[in-house]
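First comes the structure, then the notes that go with it.
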Amino acid sequence: MTFSAAARRAPAAPGALPLLGHGPALLRRPLDFLRSLPATGPVVRIRLGALPAYVVNDPGLVRSVLVGEAGRFDQGLLIDKARPLLGSGVGTANGTEHRRLRRLMQPAFHKAQIARYAATMTAVAAERTAAWRPGLTLRVDEELTELALTTVARALFSSDLGGDAITEVQRSLPMILDEIPRRAVLPDTLLRLPTPANRRFEGAVRRLRSTTRHVVEAARADGSDRGDLLSVLLLTKDEVSGERLTDDQVHDQLVNMLVAGTETTGATLAWIFHELTLNPAVEHRLHQETDQVLAGRLAVFEDIARLPYTLRVVQEALRRYAPWIILRLSPRESVLGEVSIPAGATVLFSPYVLHHQPRLYPDPFAFDPDRWLPERAANLPRGASIPFGAGSRQCPGNVFALTQMVIQVATIAARWRLRPAEGPRVRELARGAVVHPTAMPMRFLPRERLHAQERGASTA
């Protein structure tokens, strides 16, 4: 972070309403509003009600917030409003405590552990796809979010301990995630009112935390290593202090991982199969690769290195449908570029908007997995690709998520081709922290039948 006597006040975004500021625009049309801001400047001042906030639009400055000295920024308003759910986990902690929790979580995501979780990823995909039937129509946005949620829950909790917890997660977590962004914009006085939305949120948080806390206590009493993430967290010692996580700390890490491992992965999986219907050439190359590598079997951890195109498909979906908002808090007066940021100000940026800047990504709304060929990706400036964040707050489960998506995309694509059913056009919806699709009904067609039909047509 560079201080300068010439630092100036950030230009203000147009369209602020009296008292409400830009809050209504951010709630009603968030993607359109955020996409409009880079034209105003690399750092733009908006108002959330009466509170000023600063939107960062330049990749170098975003990287400065995440990685540089400015990376000392604390977690922001969105995380503060999510504390009833997230507690004191790695996603909410700051400073020394955040570094300590990151250290304690690292063993849970070592390569050997990821390989163990991969067996769960494969098994859940096999179970889910076994229930599909030719011609079946389902809302793929819901089906693949359920797949993601079940995968992370099974990786967290061994099935004999976590059956009830998985059921409660499936019931409560989607409701909670939908509500958090609304709570970030509304003043605390409104959140304390006994409205139906507030009561639903508080009840879901209570149920989820009570259920997961019971699982932690049961696992601690059992004391054995069940090969799940919960066991790793309970058994790991801090290399510096020799301390273990308390039950409360383990519980908060589990809830943080449930949230991080469900929303982004589920939405990305749904978007991938939507994009395959729009891009036949991409779908064809994906099918060629999965046919050659898998030859009809399920994908496993050892296949990932042999599925480079599948990985690029996942990477492109993470670019195209990145998180739409990340918030930070400036703990002291600072300067970003040529703009002064007051102490205590909210700083926010949009990976989604960043990933759609034409100067960084030519034809940014095109779905082009070959953007991620090494020779092309090398030309991107640092900070231009941040689907999992960067620096000390980069999502610790990023390798887990990539592994899961490659395994499950390959397993599904090797056996099924999904085609849109009749219904409204699929649109982008900023919900939670992620760009979700609106309702996405699709028909499931087995690829074996399609191959037979294609052969019959070619001989007719």
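How things are named: the first chain in the structure tokens is A, the next is B, and so on; residues count from 1 in each chain; ligands count from 1 in the order shown.
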
Taking a cut-off of 10 Å and counting only C-alpha atoms, can you build a table that, for each residue of region 242-350 of chain A near region 167-187 of chain A, reports the nearest atom pair and how far apart they are in Å (one decimal), sorted by chain then residue number, as a tab-separated table?
residue	atom	partner	partner_atom	distance
A:Val255	CA	A:Val169	CA	9.6
A:Leu258	CA	A:Val169	CA	8.3
A:Val259	CA	A:Leu173	CA	7.5
A:Thr262	CA	A:Leu173	CA	8.9
A:Glu263	CA	A:Leu177	CA	7.9
A:Ile325	CA	A:Pro181	CA	9.5

Please produce a file of those selected residues containing N, CA and C atoms, as a tab-separated table (two decimals), in the first residue's frame.
chain	number	residue	atom	x	y	z
A	255	VAL	N	-18.76	-25.57	10.19
A	255	VAL	CA	-19.82	-24.75	9.59
A	255	VAL	C	-19.25	-23.87	8.48
A	258	LEU	N	-18.80	-26.10	5.49
A	258	LEU	CA	-20.07	-26.43	4.86
A	258	LEU	C	-20.54	-25.30	3.95
A	259	VAL	N	-20.44	-24.07	4.44
A	259	VAL	CA	-20.88	-22.92	3.65
A	259	VAL	C	-20.00	-22.77	2.41
A	262	THR	N	-20.41	-25.66	-0.39
A	262	THR	CA	-21.70	-25.98	-0.98
A	262	THR	C	-22.10	-25.00	-2.07
A	263	GLU	N	-22.12	-23.72	-1.73
A	263	GLU	CA	-22.73	-22.74	-2.62
A	263	GLU	C	-21.98	-22.59	-3.93
A	325	ILE	N	-19.60	-10.69	-5.10
A	325	ILE	CA	-19.22	-9.64	-4.15
A	325	ILE	C	-18.35	-10.21	-3.05

Spatial neighbours of Val216 (chain A), max dist 8 Å, only C-alpha atoms, sep filter under 4 positions, as a ChimeraX atom specification
/A:212,220,230,247,250-251

Which residues are near Leu298 (chain A)? Cut-off 7 Å, only C-alpha atoms, ignore same chain within fewer than 3 positions. Put them as a list in words.
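Surrounding residues, per the criterion: Thr122, Leu294 and Thr411 of chain A.
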
Write a file of the just-selected residues containing C-alpha atoms, as a compact mmCIF listing (two decimals), in the first residue's frame.
# COMPACT_ATOMS: atom_id res chain seq x y z
CA THR A 122 -16.77 -40.43 -6.54
CA LEU A 294 -12.56 -43.36 -18.25
CA THR A 411 -18.38 -38.91 -14.07

Residue with the minimum atom-to-atom distance to Ala219 (chain A), picked from A:Leu191, A:Ala260, A:Leu380, A:Leu156 with only C-alpha atoms counted, is A:Leu156

request  = Write down as a ChimeraX atom specification the residues of region 219-427 of chain A whose backbone DSSP state falls under alpha helix (DSSP H).
outcome  = /A:219-222,229-235,247-278,280-294,308-320,351-354,374-377,398-415

Which residues are close to Gly423 (chain A), i.e. within 9 Å by only C-alpha atoms, leaving aside same-chain residues fewer than 5 positions away? Reply as an mmCIF file with C-alpha atoms, in the first residue's frame.
data_model
loop_
_atom_site.group_PDB
_atom_site.id
_atom_site.type_symbol
_atom_site.label_atom_id
_atom_site.label_comp_id
_atom_site.auth_asym_id
_atom_site.auth_seq_id
_atom_site.Cartn_x
_atom_site.Cartn_y
_atom_site.Cartn_z
ATOM 1 C CA ALA A 439 -34.559 -22.426 -12.465
ATOM 2 C CA MET A 440 -32.720 -24.804 -14.804
ATOM 3 C CA PRO A 441 -34.943 -27.788 -15.736
#

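Once Cys395 (chain A) and its same-chain neighbours fewer than 6 positions away are set aside, Leu66, Val90, Gly91, Arg102, Met105, Gln106, Phe109, Asn256, Met257, Val259, Ala260, Gly261, Thr264, Ile386, Pro387, Phe388, Gly389, Ala401 and Leu402 of chain A remain within 12 Å of it when counting only C-alpha atoms.
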
* To do: Check the smallest atom-to-atom distance from each of A:Arg100, A:Arg47, A:Leu348, A:Phe157 to Pro18 (chain A) using only C-alpha atoms, then report the winner.
  =>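 Comparing A:Arg100, A:Arg47, A:Leu348, A:Phe157 against Pro18 (chain A), the winner is A:Arg47.
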
Worksheet item: Between CA of Ser231 (chain A) and CA of Gln113 (chain A), what is the spacing in Å?
Response: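 Those two atoms sit 11.2 Å apart.
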
If you count only C-alpha atoms, which residues fall within 9 Å of Gln404 (chain A), apart from same-chain ones fewer than 2 positions away, as a VMD selection string? chain A and resid 117 to 118 121 to 122 148 151 265 399 to 402 406 to 409

Residue subset to file, keeping N, CA and C atoms, as a CSV table (one decimal), in the first residue's frame:
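Output (out24.csv):
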chain,number,residue,atom,x,y,z
A,117,TYR,N,-10.6,-38.0,0.4
A,117,TYR,CA,-11.9,-37.4,0.2
A,117,TYR,C,-12.4,-37.7,-1.2
A,118,ALA,N,-11.5,-37.8,-2.1
A,118,ALA,CA,-11.9,-38.1,-3.5
A,118,ALA,C,-12.7,-39.3,-3.6
A,121,MET,N,-16.1,-38.2,-3.0
A,121,MET,CA,-16.6,-37.5,-4.2
A,121,MET,C,-17.1,-38.4,-5.3
A,122,THR,N,-16.4,-39.5,-5.5
A,122,THR,CA,-16.8,-40.4,-6.5
A,122,THR,C,-18.0,-41.2,-6.1
A,148,ALA,N,-23.4,-31.3,-4.4
A,148,ALA,CA,-22.3,-30.6,-3.7
A,148,ALA,C,-22.5,-30.6,-2.2
A,151,THR,N,-21.8,-34.1,-0.8
A,151,THR,CA,-20.4,-34.4,-0.9
A,151,THR,C,-19.6,-33.8,0.2
A,265,THR,N,-19.6,-24.5,-5.3
A,265,THR,CA,-19.5,-25.8,-6.1
A,265,THR,C,-20.8,-26.1,-6.7
A,399,VAL,N,-8.4,-26.6,-3.5
A,399,VAL,CA,-8.0,-27.8,-4.1
A,399,VAL,C,-9.1,-28.9,-4.0
A,400,PHE,N,-9.7,-28.9,-2.8
A,400,PHE,CA,-10.8,-29.8,-2.5
A,400,PHE,C,-11.9,-29.6,-3.6
A,401,ALA,N,-12.3,-28.3,-3.8
A,401,ALA,CA,-13.4,-27.9,-4.7
A,401,ALA,C,-13.0,-28.3,-6.1
A,402,LEU,N,-11.8,-28.0,-6.6
A,402,LEU,CA,-11.4,-28.3,-7.9
A,402,LEU,C,-11.4,-29.8,-8.2
A,406,VAL,N,-13.9,-31.6,-10.9
A,406,VAL,CA,-13.4,-32.4,-12.1
A,406,VAL,C,-13.9,-33.9,-12.0
A,407,ILE,N,-13.8,-34.5,-10.8
A,407,ILE,CA,-14.3,-35.9,-10.7
A,407,ILE,C,-15.8,-36.0,-11.0
A,408,GLN,N,-16.6,-35.0,-10.5
A,408,GLN,CA,-18.0,-35.2,-10.7
A,408,GLN,C,-18.5,-34.7,-12.1
A,409,VAL,N,-17.9,-33.7,-12.7
A,409,VAL,CA,-18.2,-33.4,-14.1
A,409,VAL,C,-17.8,-34.5,-15.0

message = I need the residue nearest Ile46 (chain A) from this list: A:Phe349, A:Trp372, A:Trp416, A:Tyr361. Use only C-alpha atoms for the distance.
response =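 The answer is A:Phe349, which sits nearest to Ile46 (chain A).
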
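Shortest atom-to-atom contact with Trp132 (chain A) among A:Ala384, A:Ile412, A:Val435, A:Leu354: A:Ile412, counting only C-alpha atoms.
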
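Going from CA of Arg8 (chain A) over to CA of Glu338 (chain A), you cover 6.2 Å.
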
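Residue-level DSSP output for region 128-289 of chain A, from the backbone, shows strand (DSSP E or B) at A:Thr137, A:Leu138, A:Arg139, A:Lys237, A:Arg244.
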
Pairwise distance, CA of Asp141 (chain A) with CA of Arg371 (chain A), equals 25.2 Å

- Using only C-alpha atoms, which residues sit within 7 Å of Pro446 (chain A) once same-chain residues fewer than 5 positions away are excluded, as a VMD selection string? chain A and resid 134 415 to 417

Residues as selected, N, CA and C atoms, written as an mmCIF file, in the first residue's frame, can you do that?
data_model
loop_
_atom_site.group_PDB
_atom_site.id
_atom_site.type_symbol
_atom_site.label_atom_id
_atom_site.label_comp_id
_atom_site.auth_asym_id
_atom_site.auth_seq_id
_atom_site.Cartn_x
_atom_site.Cartn_y
_atom_site.Cartn_z
ATOM 1 N N PRO A 134 -33.405 -42.433 -18.032
ATOM 2 C CA PRO A 134 -33.515 -41.797 -19.346
ATOM 3 C C PRO A 134 -34.814 -41.017 -19.486
ATOM 4 N N ARG A 415 -21.447 -40.378 -18.861
ATOM 5 C CA ARG A 415 -22.632 -41.243 -18.933
ATOM 6 C C ARG A 415 -23.895 -40.530 -19.394
ATOM 7 N N TRP A 416 -23.953 -39.216 -19.190
ATOM 8 C CA TRP A 416 -25.195 -38.504 -19.448
ATOM 9 C C TRP A 416 -24.937 -37.246 -20.275
ATOM 10 N N ARG A 417 -25.941 -36.918 -21.069
ATOM 11 C CA ARG A 417 -25.979 -35.635 -21.763
ATOM 12 C C ARG A 417 -27.246 -34.932 -21.288
#

Determine the nearest neighbour of Pro24 (chain A) from the options A:Gly49, A:Thr246, A:Pro381, A:His214, counting only C-alpha atoms.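 Among the listed residues, A:Gly49 lies closest to Pro24 (chain A).
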
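Nearest to Thr290 (chain A) of all the residues A:Asp363, A:Leu329, A:Arg192, A:Arg447 is A:Arg447, counting only C-alpha atoms.
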